[in-house]
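J.: What follows is query32.txt; its format and atoms are compact mmCIF, C-alpha atoms.
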# COMPACT_ATOMS: atom_id res chain seq x y z
CA MET A 1 0.00 0.00 0.00
CA ARG A 2 2.77 2.42 0.91
CA ALA A 3 4.61 1.72 -2.35
CA ALA A 4 1.42 2.25 -4.37
CA ALA A 5 0.66 5.49 -2.49
CA ALA A 6 4.21 6.75 -3.06
CA GLU A 7 3.97 5.90 -6.76
CA ALA A 8 0.62 7.70 -7.07
CA THR A 9 2.05 10.74 -5.23
CA ILE A 10 4.94 10.96 -7.69
CA ALA A 11 2.61 10.54 -10.69
CA LEU A 12 0.16 13.20 -9.47
CA ALA A 13 2.91 15.60 -8.36
CA PRO A 14 1.39 19.09 -7.91
CA TRP A 15 -2.17 17.74 -8.00
CA VAL A 16 -1.83 15.53 -4.91
CA GLY A 17 -4.61 16.30 -2.45
CA ASN A 18 -6.47 18.65 -4.79
CA PRO A 19 -10.12 17.92 -5.55
CA GLU A 20 -11.13 17.15 -9.14
CA THR A 21 -13.49 20.11 -9.30
CA THR A 22 -13.88 23.34 -7.40
CA ALA A 23 -16.62 23.66 -4.83
CA HIS A 24 -19.63 25.77 -5.75
CA TYR A 25 -21.32 27.67 -2.96
CA PHE A 26 -24.81 29.04 -3.38
CA PRO A 27 -26.07 31.78 -1.08
CA PRO A 28 -29.48 31.26 0.54
CA ILE A 29 -32.41 32.63 -1.43
CA ASN A 30 -33.90 34.32 1.62
CA ARG A 31 -31.23 36.28 3.45
CA GLU A 32 -33.43 37.51 6.27
CA PRO A 33 -32.57 36.17 9.74
CA PHE A 34 -34.64 33.08 10.56
CA ASP A 35 -37.08 32.95 13.43
CA VAL A 36 -35.58 30.61 16.06
CA LYS A 37 -38.98 29.73 17.57
CA ARG A 38 -40.41 28.90 14.16
CA ALA A 39 -37.36 26.75 13.29
CA ARG A 40 -37.64 24.93 16.64
CA ASP A 41 -41.37 24.28 16.17
CA ARG A 42 -40.85 22.98 12.62
CA TRP A 43 -38.04 20.69 13.80
CA LEU A 44 -40.20 19.27 16.59
CA ILE A 45 -43.06 18.64 14.13
CA ASN A 46 -40.65 16.68 11.95
CA VAL A 47 -39.40 14.73 14.96
CA GLN A 48 -43.02 13.91 15.96
CA HIS A 49 -43.80 12.64 12.45
CA GLY A 50 -40.69 10.47 12.45
CA LEU A 51 -41.37 8.76 15.78
CA ARG A 52 -43.56 6.08 14.14
CA ALA A 53 -40.68 4.99 11.90
CA LEU A 54 -38.13 4.54 14.66
CA PRO A 55 -36.65 1.01 14.84
CA TRP A 56 -38.12 0.20 18.25
CA ALA A 57 -41.56 1.43 17.13
CA LYS A 58 -41.72 -0.35 13.76
CA ASN A 59 -40.00 -3.55 15.00
CA PRO A 60 -40.74 -3.82 18.74
CA SER A 61 -39.77 -7.49 18.89
CA GLY A 62 -36.37 -6.71 17.36
CA ASP A 63 -36.73 -9.41 14.68
CA PRO A 64 -33.38 -9.34 12.83
CA ARG A 65 -35.08 -10.39 9.57
CA LYS A 66 -37.06 -7.12 9.56
CA MET A 67 -34.03 -4.86 9.98
CA THR A 68 -32.57 -3.05 7.01
CA ALA A 69 -29.76 -1.19 8.78
CA GLY A 70 -29.13 -3.27 11.87
CA LEU A 71 -28.81 -1.80 15.33
CA ARG A 72 -26.92 1.20 13.98
CA ASP A 73 -30.30 2.51 12.79
CA ALA A 74 -31.46 2.65 16.42
CA ALA A 75 -28.14 4.12 17.55
CA PHE A 76 -28.38 7.02 15.08
CA SER A 77 -32.00 7.67 16.09
CA ILE A 78 -31.28 7.58 19.83
CA ASP A 79 -28.39 9.99 19.41
CA ALA A 80 -30.53 12.39 17.35
CA LEU A 81 -33.37 12.34 19.91
CA VAL A 82 -30.98 12.92 22.81
CA ARG A 83 -29.33 15.84 21.04
CA THR A 84 -32.74 17.32 20.18
CA ALA A 85 -33.84 17.07 23.81
CA MET A 86 -30.63 18.85 24.88
CA LEU A 87 -31.16 21.65 22.36
CA PHE A 88 -34.79 22.48 23.05
CA HIS A 89 -36.40 23.30 26.35
CA GLY A 90 -39.96 22.14 26.77
CA PRO A 91 -40.40 18.96 24.73
CA GLU A 92 -37.85 17.06 26.79
CA ALA A 93 -40.49 14.88 28.48
CA LEU A 94 -41.70 13.52 25.14
CA LEU A 95 -38.21 12.96 23.79
CA ILE A 96 -36.80 11.52 27.01
CA LYS A 97 -39.67 9.02 27.11
CA HIS A 98 -38.61 7.83 23.65
CA ASP A 99 -34.92 7.86 24.61
CA GLY A 100 -35.66 5.53 27.52
CA ALA A 101 -37.76 3.16 25.41
CA ALA A 102 -35.10 3.17 22.72
CA ALA A 103 -32.26 2.48 25.15
CA ASP A 104 -34.23 -0.37 26.73
CA TRP A 105 -34.95 -1.83 23.27
CA LEU A 106 -31.29 -1.59 22.30
CA VAL A 107 -30.06 -3.19 25.53
CA LYS A 108 -32.46 -6.12 24.96
CA ARG A 109 -30.80 -6.74 21.57
CA GLN A 110 -27.33 -6.78 23.14
CA HIS A 111 -25.71 -10.22 23.20
CA ALA A 112 -24.75 -11.81 26.55
CA SER A 113 -21.09 -11.23 25.63
CA GLY A 114 -21.73 -7.47 25.55
CA VAL A 115 -21.54 -7.28 21.76
CA PHE A 116 -24.25 -5.56 19.76
CA PRO A 117 -24.84 -8.24 17.12
CA PHE A 118 -25.34 -7.79 13.40
CA PRO A 119 -28.69 -8.96 12.00
CA VAL A 120 -28.76 -11.40 9.10
CA GLY A 121 -31.96 -11.05 7.11
CA PRO A 122 -33.30 -11.41 3.58
CA TRP A 123 -32.20 -7.84 2.84
CA LEU A 124 -28.55 -8.95 2.89
CA ASN A 125 -27.33 -8.47 -0.66
CA PRO A 126 -24.13 -10.44 -1.31
CA ARG A 127 -23.26 -8.09 -4.20
CA GLU A 128 -22.86 -5.13 -1.85
CA LYS A 129 -19.67 -4.63 0.14
CA VAL A 130 -21.16 -5.48 3.54
CA GLY A 131 -23.10 -8.38 2.00
CA VAL A 132 -19.93 -9.82 0.48
CA ILE A 133 -18.04 -9.53 3.76
CA VAL A 134 -20.85 -11.06 5.82
CA ALA A 135 -21.49 -13.81 3.24
CA GLY A 136 -17.78 -14.69 3.33
CA ILE A 137 -17.71 -14.89 7.12
CA ILE A 138 -20.91 -16.99 7.16
CA LYS A 139 -19.51 -19.35 4.52
CA LYS A 140 -16.30 -19.78 6.50
CA HIS A 141 -18.00 -19.97 9.93
CA PRO A 142 -21.72 -20.87 9.55
CA GLU A 143 -21.97 -21.44 13.30
CA ILE A 144 -21.70 -17.70 14.00
CA ILE A 145 -25.38 -17.18 13.10
CA VAL A 146 -27.55 -17.62 16.18
CA ASN A 147 -31.26 -16.81 15.91
CA GLY A 148 -30.65 -14.52 12.93
CA TRP A 149 -27.78 -12.60 14.55
CA ILE A 150 -24.01 -12.57 14.19
CA ALA A 151 -22.54 -11.86 17.63
CA ASP A 152 -19.02 -13.06 16.91
CA ASP A 153 -17.10 -11.87 13.86
CA ARG A 154 -14.21 -14.31 14.46
CA ASP A 155 -11.76 -11.49 15.19
CA ASP A 156 -12.56 -9.87 11.85
CA GLY A 157 -13.31 -6.55 13.58
CA GLY A 158 -16.44 -5.97 11.51
CA LEU A 159 -18.69 -5.53 14.53
CA GLN A 160 -16.63 -2.66 15.95
CA PHE A 161 -18.48 0.10 14.08
CA ASP A 162 -21.94 -0.98 15.23
CA ASN A 163 -20.68 -1.60 18.77
CA GLY A 164 -19.18 1.88 18.91
CA LEU A 165 -22.39 3.50 17.66
CA CYS A 166 -24.62 1.55 20.02
CA GLY A 167 -22.37 2.17 23.01
CA ARG A 168 -22.24 5.89 22.28
CA ALA A 169 -26.01 6.03 21.88
CA LEU A 170 -26.53 4.34 25.24
CA LEU A 171 -24.08 6.72 26.90
CA SER A 172 -25.95 9.66 25.38
CA ALA A 173 -29.32 8.31 26.50
Kindly transcribe the structure held in the file into structure tokens.
T.:
Amino acid sequence: MRAAAAEATIALAPWVGNPETTAHYFPPINREPFDVKRARDRWLINVQHGLRALPWAKNPSGDPRKMTAGLRDAAFSIDALVRTAMLFHGPEALLIKHDGAAADWLVKRQHASGVFPFPVGPWLNPREKVGVIVAGIIKKHPEIIVNGWIADDRDDGGLQFDNGLCGRALLSA
């Protein structure tokens, strides 16, 4: 890798690290200052509409076959709700109620080893990068699938990302 990177650096010479195209910045159409209360209210309306689609609401049993993004989907949502509750004063009770339900749901999905497992469902597409990696691990070690979950990546390190996200979300909650 180092040799290839050094060769590419020599070949690109003065263009190393430069983007292919220049960035284009467009000024906002309306340049008047925005109303903070109106922005807050609109954000909370959007949050309220999205609550039905949260992983723990649309899949309360945590069936791995019904998950399209794994537990990271819940982790992102928990983190967003926690940050929203910290930003706005007033709707905290509603958001904190969801944070608690979400954290409980996530903890129930956690494997006894402490790992946040990766779901294996029909959505797994072996042509995609993650699908290829997971399909390879399953082919090599079919015993790692337990009740539709992979809780042991055989030291591959592939579960680290989801574990980090889920751990951070629980700390935030």
J.: Show which residues sit within 10 Å of region 43-54 of chain A, as an NGL selection string. Count only C-alpha atoms, and ignore same-chain residues fewer than 2 positions away.
T.: :A and (37-41 or 56-60 or 73-74 or 77-78 or 80-81 or 84-85 or 88 or 91 or 94-95 or 98 or 102)
J.: Please write as a PyMOL selection string the list of polymer residues whose atoms come within 12 Å of (-19.1, 2.1, 20.4), counting all atoms listed in the file and keeping to the coordinates of the file.
T.: chain A and resi 71-72+75-76+114-116+159-172
J.: Separation of CA of Glu143 (chain A) and CA of Val130 (chain A), in Å?
T.: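 If I compute the distance from CA of Glu143 (chain A) to CA of Val130 (chain A), I get 18.7 Å.
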J.: Just the number, please: distance in Å from CA of Gly100 (chain A) to CA of Val82 (chain A), one decimal.
T.: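 Distance reported for this atom pair: 9.9 Å.
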J.: For Pro119 (chain A), which residue among A:Pro33, A:Pro19, A:Gly70, A:Pro27 is the nearest when counting only C-alpha atoms?
T.: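 Closest to Pro119 (chain A) of all the choices is A:Gly70.
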J.: Have a look at CA of Ile150 (chain A) and CA of Pro117 (chain A) and let me know their distance in Å, one decimal.
T.: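 CA of Ile150 (chain A) sits 5.3 Å away from CA of Pro117 (chain A).
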J.: For a quick check of understanding, using only C-alpha atoms, which of A:Arg42, A:His24, A:Lys108, A:His141 has the smallest distance to Asp63 (chain A)?
T.: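 Residue with the minimum atom-to-atom distance to Asp63 (chain A): A:Lys108.
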J.: Choose the residue, out of A:Ala11, A:Leu87, A:Met67, A:Asn18, that has the smallest atom-to-atom separation from Val36 (chain A); count only C-alpha atoms.
T.: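 Counting only C-alpha atoms, the residue closest to Val36 (chain A) is A:Leu87.
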J.: Quick one: residues within 7 Å of Ala103 (chain A), only C-alpha atoms, excluding same-chain residues fewer than 4 positions away - as JSON, numbers by chain?
T.: {"A": [99, 107, 170, 173]}
